[in-house]
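Below is one structure, written out as structure tokens; comments come after it.
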Amino acid sequence: MNWNSAGEFFAMGGYGLYVWGSYGVMALWMVVEPLLAQRRFSAARLVALELETSGEWQ
Amino acid sequence: MNKLPRFYTFAAPSRFYRLAGWTVPWFYAVAVVFALAGLYMGFFVAPVDATQGNAYRIIFIHVPAAWMSMVLYMAMAGWAAVGWAFNARMASMLARALAPTGAAFTFLALWTGAFWGKPTWGAWWVWDARLTSELILLFLYLGFMALVEAIDDTRRADQAGALLAIVGAVNVPIIYFSVRWWNTLHQGASISMTAAPSMASTMLTSMLLMTVACWSYAFAVVFVRARAIVLERERTTEWVQTLLGSSLEGAS
């Protein structure tokens, strides 16, 4: 597939809204979800570390 | 008899935690590489479709998302069942870690489907067997997540969730075969084990590359979440405190 210009690429033959509306939401989620999961992991680690330093876990 | 105990050691949260932590960056890397290759193939190599124009390019994410929604549900129900039947903590934790990612892929399958349906069918949504059963799958995921969060006793929550997940698993074959069992607006299966592929090979390649990317992404994000759940549940155990203690010494 040869696109003649960037404008033609983004227009997607008139289907730009549908194609980029799909890809955009999927891409956005695939950036947000790893960040949320990482944040949950860091938070859980922090809580466990606080137990460790306070020595209360025993 | 030597292999069995070795296999079971990975069921220990401490083993899983270390192994999963080591694999996460690799899964993310594979996901990025395959997604870039798939996008390149999908947008710059695959030709325009004769009837659907460029709108068909949604297939490269729609089909992988729909596959993942079903595969992750079966994985969630399977691990939930193992966790219940064998009282295996790690299996139940994995089931919980899978649910949000599975729900997300289900939502994305519906979303990309709506954005594909509008230009090709003229409607964002129809109450067709395929679409309706996929929507039910989303509700099953959300129901599982709400149920396990609503019960305070962790293991009881795992068991209640397992029951819901196992009963709900009947919906997955219904989704898959819906296009055959009922007369639906949705097209038939994209890939068949028994027939030659009906689409251009570059289109198929792109879709399969994106599928590998989605699998790898799912492994990475589910493992990160599973490790978070392990820490949340096992923070008062000896192994977590030993692990964190050594990491503190390493930092200072």
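The chains in the structure tokens are called A, B, ... from first to last as shown; in each chain the residues are counted from 1, and the ligands are counted from 1 in the order shown.
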> Counting only C-alpha atoms, which residues from chain A have an atom at most 6 Å from any atom of chain B, and could you show them as an MDAnalysis selection string?
Replying inline: chainID A and resid 1 12 15 18:19 22 34 37 41 44 48 52 57
>> From a backbone DSSP assignment, name each residue in chain A labelled helix (DSSP H, G or I), as a PyMOL selection string.
In response: chain A and resi 6-14+16-54
> Residues at most 12 Å from region 138-152 of chain B, counting only C-alpha atoms, excluding those fewer than 5 positions away in the same chain, as a VMD selection string?
Replying inline: chain B and resid 66 69 to 70 72 to 74 76 to 77 80 92 to 93 95 to 111 131 to 133 157 to 172 175
Kindly save the residues from that selection, with C-alpha atoms included, as a CSV table (one decimal), in the first residue's frame.
```csv
chain,number,residue,atom,x,y,z
B,66,ALA,CA,-11.8,-10.4,20.6
B,69,SER,CA,-11.2,-11.5,25.5
B,70,MET,CA,-12.1,-15.2,25.1
B,72,LEU,CA,-8.2,-14.6,29.0
B,73,TYR,CA,-11.6,-15.6,30.2
B,74,MET,CA,-10.8,-19.3,29.9
B,76,MET,CA,-9.2,-16.8,34.4
B,77,ALA,CA,-11.9,-19.5,34.9
B,80,ALA,CA,-9.9,-19.8,39.5
B,92,SER,CA,-6.6,-17.7,42.6
B,93,MET,CA,-4.3,-14.6,42.6
B,95,ALA,CA,-7.4,-15.4,38.2
B,96,ARG,CA,-7.9,-12.0,39.8
B,97,ALA,CA,-4.9,-10.5,38.0
B,98,LEU,CA,-6.3,-11.7,34.6
B,99,ALA,CA,-9.8,-10.2,35.1
B,100,PRO,CA,-9.1,-6.5,34.5
B,101,THR,CA,-7.0,-7.2,31.3
B,102,GLY,CA,-9.7,-9.6,30.0
B,103,ALA,CA,-12.4,-7.0,30.7
B,104,ALA,CA,-10.3,-4.4,28.9
B,105,PHE,CA,-9.8,-6.6,25.8
B,106,THR,CA,-13.6,-7.3,25.8
B,107,PHE,CA,-14.4,-3.6,25.9
B,108,LEU,CA,-11.8,-3.0,23.1
B,109,ALA,CA,-13.3,-5.7,21.0
B,110,LEU,CA,-16.7,-4.1,21.4
B,111,TRP,CA,-15.4,-0.6,20.8
B,131,LEU,CA,-22.2,-8.8,19.7
B,132,THR,CA,-24.7,-9.6,22.5
B,133,SER,CA,-22.8,-12.7,23.8
B,157,ALA,CA,-14.0,-14.3,47.8
B,158,ASP,CA,-11.7,-16.5,45.6
B,159,GLN,CA,-14.2,-19.4,45.9
B,160,ALA,CA,-17.3,-17.3,45.1
B,161,GLY,CA,-15.4,-15.7,42.1
B,162,ALA,CA,-14.4,-19.2,40.9
B,163,LEU,CA,-18.0,-20.4,40.9
B,164,LEU,CA,-19.1,-17.3,38.9
B,165,ALA,CA,-16.1,-17.7,36.5
B,166,ILE,CA,-16.7,-21.4,35.9
B,167,VAL,CA,-20.5,-21.0,35.3
B,168,GLY,CA,-19.8,-18.1,33.0
B,169,ALA,CA,-17.3,-20.1,30.9
B,170,VAL,CA,-20.3,-21.6,29.1
B,171,ASN,CA,-20.6,-18.2,27.3
B,172,VAL,CA,-17.2,-18.5,25.6
B,175,ILE,CA,-19.5,-16.4,21.5
```
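Closest approach to Leu185 (chain B) from the set B:Asp128, B:Asp49, B:Ala12, B:Trp84 is made by B:Asp128, with distances taken over only C-alpha atoms.
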> So what do you get for CA of Ala11 (chain B) versus CA of Met90 (chain B), distance-wise?
Replying inline: 6.0 Å
> Any idea what's packed within 10 Å of Ile174 (chain B), counting only C-alpha atoms, ignoring anything in its chain fewer than 4 positions away? Could you give it as a PyMOL selection string?
Replying inline: chain B and resi 129-130+133-134+169-170+178-181
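One distance worth recording is that between CA of Ala27 (chain A) and CA of Leu39 (chain B), which is 11.7 Å.
Taking CA of Ser206 (chain B) and CA of Tyr40 (chain B) as the two end points, the separation is 8.1 Å.
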